[in-house]
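Colleague: Could you have a look at this structure, given as structure tokens, before my questions?
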Amino acid sequence: MPVRLRDDLAALPAYVAGRTVPGAVKLASNEMPLPPLPAVLDAITRAAEAGNRYPDIAVTTLTARLAEHHGIDPARLAVGCGSVALCGQLVQSVCAPGDEVVFAWRSFEAYPIVALTGHAQAVRVPLTADHVHDLDAMADAITDRTRLVFVCNPNNPTGTAVDEDALRAFLARVPSDVLVVLDEAYREFVSDARVPDGLALAEEFDNICVLRTFSKAHRLAGLRVGYAVAPPELAAALRGVSVPFAVSSPAQAAALAALEHLDELLADCAGAVAEVERMTSELRTLGYEVPPSQTNFVWLPLGERATEFSEHALENKVVVRAFAGDGVRVSAGTSEEVDLFLAAAGSFPR
Ligand SMILES: *Cc1c(COP(=O)(O)O)cnc(C)c1O
């Protein structure tokens with residue numbers, strides 16, 4: 001007899017990673033096109049030299065540094081193997097089997113996976129026609145079984161953000177014992193001042209957890225490090241349910257070094273934002289619908305033509321991320337890479 005697996009795993013959606021195609025430009029995973037800074041690479045190398053030793057299980061130095069950076073109590077921090085791991089730890093920390101996790105759809109594709117693997121029920125609330133979180137409908141979707149609501153702000157893959165008024169109106173409707181997770185993976189790319197800083201809101205609301213990552217702006221997607229800022233009891237729970245030694249020594253060292261060079265990294269983020277503005281205006285000129293993005297990527301709601309578009313882009317040596325039947329997400333690369341993509345978008349038959 002074959003080994004018995006969980007019955008519900010058949011319903012587990014696969015996380016579709018952006019493809020890497022030799023000889024093609026990758027604009028599929030919202031990574032920055034630049035490698036880690038030289039000083040960060042040095043820190044990684046030094047940490048790797050002690051690779052025979054286990055990492056600091058408590059991530060002490062990085063936690064202290066992040067606490068100082070954000071002006072918060074280190075007891076409110078949990079560092080994880082990317083913020084995606086923390087998404088799973090959040091479900092494990094607040095959900096009993098059958099509890100509900102509410103999130104917008106389409107949004108970050110990890111949410112349904114962590115809900116299901118955490119034995120919770122995923123409740124998907126459609127985005128508005130403008131590809132923005134429908135916070136009223138999300139508040140309406142909260143039941144007695146709801147323990148956690150993910151608000152991805154700005155949203156992956158649509159790039160859209162909710163403003164402070166809308167988020168506050170939503171928070172006022174969420175019961176105080178239901179956790180609201182503000183996933184701010186793209187915070188460093190936000191240029192609209194109306195988009196709230198989750199960390200400021202977390203000072204006011206005891207049911208907010210903010211997720212940040214070193215994968216995007218800090219250019220460390222391959223090193224795997226992210227963090228949660230949460231009420232102290234929840235932060236302790238997140239650390240408690242973590243896989244031991246989840247954050248490697250090179251990852252801890254890289255994150256620390258990146259924080260030392262934040263100005264330089266943020267200057268390059270501004271470059272990515274400029275590329276997104278260029279992509280948005282040129283694509284609109286070409287006749288594409290492009291929702292306003294507050295991230296380092298754009299969303300093309302191409303519906304049934306999403307796959308065809310991505311195949312056309314690939315023929316033109318550009319890898320984009322298609323969500324079949326829904327749309328295509330394109331990350332800002334270097335100017336040359338964006339030029340290549342825009343040429344492909346221009347030659348797509350419509
Ligand atoms: C990229 C991304 C993350 C970051 O994931 P890591 O595990 O930290 O690499 C988290 N949330 C969203 C919405 C993202 O797009």
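Letters A, B, ... go to the chains of the structure tokens in the order shown; residues in each chain start at 1; ligands are counted from 1 in the same order.
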Counting only C-alpha atoms and all ligand atoms, name the residues that have an atom within 8 Å of an atom of ligand 1; the answer should be given as a PyMOL selection string.
Modeller: chain A and resi 29-31+81-86+107-108+110+152-157+183-186+211-216+221-222+224-227
Colleague: Could you save those same residues with N, CA, C and O atoms as a short mmCIF file (atom, residue, chain, number, x, y, z; two decimals), in the first residue's frame?
Modeller:
```
data_model
loop_
_atom_site.label_atom_id
_atom_site.label_comp_id
_atom_site.auth_asym_id
_atom_site.auth_seq_id
_atom_site.Cartn_x
_atom_site.Cartn_y
_atom_site.Cartn_z
N SER A 29 9.91 37.79 -11.58
CA SER A 29 9.83 37.50 -10.14
C SER A 29 9.98 38.73 -9.24
O SER A 29 10.23 38.59 -8.05
N ASN A 30 9.83 39.90 -9.83
CA ASN A 30 9.90 41.15 -9.05
C ASN A 30 11.22 41.35 -8.32
O ASN A 30 11.29 42.08 -7.32
N GLU A 31 12.25 40.70 -8.82
CA GLU A 31 13.58 40.91 -8.26
C GLU A 31 14.14 42.22 -8.80
O GLU A 31 13.74 42.68 -9.87
N CYS A 81 12.74 32.90 7.30
CA CYS A 81 13.36 32.47 6.04
C CYS A 81 12.54 33.05 4.88
O CYS A 81 11.79 32.35 4.22
N GLY A 82 12.67 34.37 4.72
CA GLY A 82 11.81 35.09 3.79
C GLY A 82 10.48 35.37 4.48
O GLY A 82 10.09 34.66 5.40
N SER A 83 9.79 36.43 4.02
CA SER A 83 8.51 36.72 4.67
C SER A 83 7.47 35.68 4.29
O SER A 83 6.46 35.52 4.98
N VAL A 84 7.73 34.92 3.23
CA VAL A 84 6.78 33.87 2.86
C VAL A 84 6.73 32.79 3.96
O VAL A 84 5.66 32.26 4.28
N ALA A 85 7.87 32.50 4.56
CA ALA A 85 7.87 31.54 5.68
C ALA A 85 7.06 32.10 6.84
O ALA A 85 6.31 31.37 7.51
N LEU A 86 7.19 33.40 7.06
CA LEU A 86 6.43 34.03 8.15
C LEU A 86 4.93 33.99 7.88
O LEU A 86 4.13 33.88 8.83
N SER A 107 -4.11 37.79 -5.37
CA SER A 107 -3.07 38.43 -4.57
C SER A 107 -1.88 37.47 -4.51
O SER A 107 -1.74 36.61 -5.40
N PHE A 108 -1.07 37.60 -3.49
CA PHE A 108 0.16 36.80 -3.40
C PHE A 108 -0.19 35.31 -3.37
O PHE A 108 -1.00 34.87 -2.56
N ALA A 110 1.20 32.77 -2.36
CA ALA A 110 1.54 31.96 -1.18
C ALA A 110 0.37 31.86 -0.19
O ALA A 110 0.30 30.91 0.58
N CYS A 152 -2.34 42.69 1.26
CA CYS A 152 -1.07 42.82 0.57
C CYS A 152 -1.02 44.24 0.00
O CYS A 152 -1.72 44.57 -0.96
N ASN A 153 -0.20 45.09 0.61
CA ASN A 153 -0.24 46.52 0.25
C ASN A 153 1.16 47.08 0.06
O ASN A 153 1.89 47.25 1.04
N PRO A 154 1.54 47.41 -1.19
CA PRO A 154 0.80 47.23 -2.44
C PRO A 154 0.63 45.75 -2.78
O PRO A 154 1.38 44.90 -2.28
N ASN A 155 -0.35 45.50 -3.66
CA ASN A 155 -0.72 44.12 -3.96
C ASN A 155 0.15 43.50 -5.06
O ASN A 155 0.40 44.11 -6.09
N ASN A 156 0.60 42.30 -4.79
CA ASN A 156 1.23 41.46 -5.81
C ASN A 156 0.15 40.50 -6.28
O ASN A 156 -0.42 39.80 -5.44
N PRO A 157 -0.19 40.42 -7.56
CA PRO A 157 0.54 40.92 -8.73
C PRO A 157 0.01 42.20 -9.37
O PRO A 157 0.50 42.55 -10.44
N ASP A 183 1.08 42.93 4.44
CA ASP A 183 2.25 42.41 3.74
C ASP A 183 2.84 43.54 2.90
O ASP A 183 2.26 43.92 1.88
N GLU A 184 3.94 44.08 3.36
CA GLU A 184 4.54 45.26 2.71
C GLU A 184 5.87 44.93 2.03
O GLU A 184 6.87 45.63 2.20
N ALA A 185 5.86 43.88 1.23
CA ALA A 185 7.08 43.46 0.54
C ALA A 185 7.63 44.54 -0.39
O ALA A 185 8.82 44.56 -0.69
N TYR A 186 6.72 45.44 -0.83
CA TYR A 186 7.14 46.46 -1.81
C TYR A 186 7.16 47.87 -1.22
O TYR A 186 7.13 48.86 -1.96
N LEU A 211 4.60 42.66 7.59
CA LEU A 211 5.66 41.82 7.01
C LEU A 211 6.52 42.65 6.08
O LEU A 211 6.01 43.40 5.24
N ARG A 212 7.81 42.53 6.25
CA ARG A 212 8.78 43.18 5.36
C ARG A 212 9.78 42.12 4.90
O ARG A 212 9.95 41.10 5.56
N THR A 213 10.45 42.42 3.81
CA THR A 213 11.40 41.43 3.27
C THR A 213 12.68 42.09 2.78
O THR A 213 12.69 43.27 2.44
N PHE A 214 13.74 41.31 2.76
CA PHE A 214 15.00 41.75 2.17
C PHE A 214 15.12 41.27 0.71
O PHE A 214 16.16 41.44 0.08
N SER A 215 14.05 40.66 0.19
CA SER A 215 14.14 40.04 -1.13
C SER A 215 14.04 41.02 -2.29
O SER A 215 14.51 40.72 -3.39
N LYS A 216 13.39 42.14 -2.08
CA LYS A 216 13.10 43.01 -3.22
C LYS A 216 14.07 44.20 -3.20
O LYS A 216 15.10 44.15 -3.85
N ALA A 221 16.90 38.22 -2.62
CA ALA A 221 15.87 37.19 -2.77
C ALA A 221 16.44 35.78 -2.61
O ALA A 221 15.80 34.89 -2.05
N GLY A 222 17.67 35.59 -3.08
CA GLY A 222 18.28 34.26 -3.01
C GLY A 222 18.81 33.90 -1.64
O GLY A 222 19.17 32.74 -1.39
N ARG A 224 17.14 34.63 1.34
CA ARG A 224 15.96 34.25 2.12
C ARG A 224 15.95 34.87 3.52
O ARG A 224 16.30 34.23 4.51
N VAL A 225 15.54 36.11 3.60
CA VAL A 225 15.33 36.71 4.91
C VAL A 225 14.25 37.80 4.85
O VAL A 225 14.21 38.61 3.93
N GLY A 226 13.35 37.71 5.80
CA GLY A 226 12.27 38.68 5.94
C GLY A 226 11.92 38.78 7.41
O GLY A 226 12.48 38.03 8.23
N TYR A 227 11.03 39.72 7.75
CA TYR A 227 10.69 39.82 9.17
C TYR A 227 9.28 40.31 9.39
O TYR A 227 8.66 40.91 8.49
#
```
Colleague: I'd like the contact shell of Pro13 (chain A) - 12 Å cut-off, only C-alpha atoms, skipping same-chain residues fewer than 6 positions apart - returned as a PyMOL selection string.
Modeller: chain A and resi 109-117+122
Colleague: List as a VMD selection string the protein and nucleic acid residues near Pro22 (chain A), meaning an atom at most 12 Å away when only C-alpha atoms are counted, but skip any in the same chain fewer than 2 places from it.
Modeller: chain A and resid 19 to 20 24 to 26 314 317 to 319
Colleague: Output the selection as a PDB file, in the first residue's frame - N, CA, C and O atoms for each residue.
Modeller:
```pdb
ATOM      1  N   ARG A  19      10.037  31.875 -14.366  1.00  0.00           N
ATOM      2  CA  ARG A  19      11.011  30.990 -15.017  1.00  0.00           C
ATOM      3  C   ARG A  19      12.322  31.695 -15.306  1.00  0.00           C
ATOM      4  O   ARG A  19      12.346  32.906 -15.560  1.00  0.00           O
ATOM      5  N   THR A  20      13.400  30.920 -15.282  1.00  0.00           N
ATOM      6  CA  THR A  20      14.695  31.432 -15.729  1.00  0.00           C
ATOM      7  C   THR A  20      15.007  30.724 -17.037  1.00  0.00           C
ATOM      8  O   THR A  20      15.074  29.497 -17.084  1.00  0.00           O
ATOM      9  N   ALA A  24      17.475  34.658 -22.085  1.00  0.00           N
ATOM     10  CA  ALA A  24      16.343  35.592 -22.031  1.00  0.00           C
ATOM     11  C   ALA A  24      16.438  36.442 -20.769  1.00  0.00           C
ATOM     12  O   ALA A  24      17.023  36.047 -19.772  1.00  0.00           O
ATOM     13  N   VAL A  25      15.844  37.618 -20.857  1.00  0.00           N
ATOM     14  CA  VAL A  25      15.816  38.547 -19.738  1.00  0.00           C
ATOM     15  C   VAL A  25      14.687  38.125 -18.791  1.00  0.00           C
ATOM     16  O   VAL A  25      13.577  37.870 -19.240  1.00  0.00           O
ATOM     17  N   LYS A  26      14.982  38.056 -17.491  1.00  0.00           N
ATOM     18  CA  LYS A  26      13.945  37.628 -16.542  1.00  0.00           C
ATOM     19  C   LYS A  26      13.291  38.827 -15.870  1.00  0.00           C
ATOM     20  O   LYS A  26      13.919  39.530 -15.078  1.00  0.00           O
ATOM     21  N   LEU A 314       8.349  35.775 -24.595  1.00  0.00           N
ATOM     22  CA  LEU A 314       9.458  34.815 -24.546  1.00  0.00           C
ATOM     23  C   LEU A 314      10.123  34.662 -25.922  1.00  0.00           C
ATOM     24  O   LEU A 314      11.350  34.576 -26.017  1.00  0.00           O
ATOM     25  N   LYS A 317      12.628  37.046 -26.219  1.00  0.00           N
ATOM     26  CA  LYS A 317      13.688  36.929 -25.206  1.00  0.00           C
ATOM     27  C   LYS A 317      13.400  37.658 -23.892  1.00  0.00           C
ATOM     28  O   LYS A 317      14.306  38.156 -23.221  1.00  0.00           O
ATOM     29  N   VAL A 318      12.117  37.738 -23.550  1.00  0.00           N
ATOM     30  CA  VAL A 318      11.753  38.328 -22.260  1.00  0.00           C
ATOM     31  C   VAL A 318      10.829  37.366 -21.516  1.00  0.00           C
ATOM     32  O   VAL A 318       9.798  36.957 -22.053  1.00  0.00           O
ATOM     33  N   VAL A 319      11.217  37.006 -20.294  1.00  0.00           N
ATOM     34  CA  VAL A 319      10.360  36.148 -19.474  1.00  0.00           C
ATOM     35  C   VAL A 319       9.518  37.030 -18.563  1.00  0.00           C
ATOM     36  O   VAL A 319      10.046  37.803 -17.768  1.00  0.00           O
TER      37      VAL A 319
END
```
Colleague: From the DSSP assignment of the backbone, select every residue of region 160-213 of chain A that is alpha helix (DSSP H), and format the answer as a list in words.
Modeller: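 Alpha helix (DSSP H) assignments inside region 160-213 of chain A correspond to Glu164, Asp165, Ala166, Leu167, Arg168, Ala169, Phe170, Leu171, Ala172, Arg173, Gly198, Leu199, Ala200, Leu201, Ala202, Glu203 and Glu204 of chain A.
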Colleague: Tell me, in Å to one decimal, how far CA of Asn207 (chain A) is from CA of Val178 (chain A).
Modeller: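 The value is 6.5 Å.
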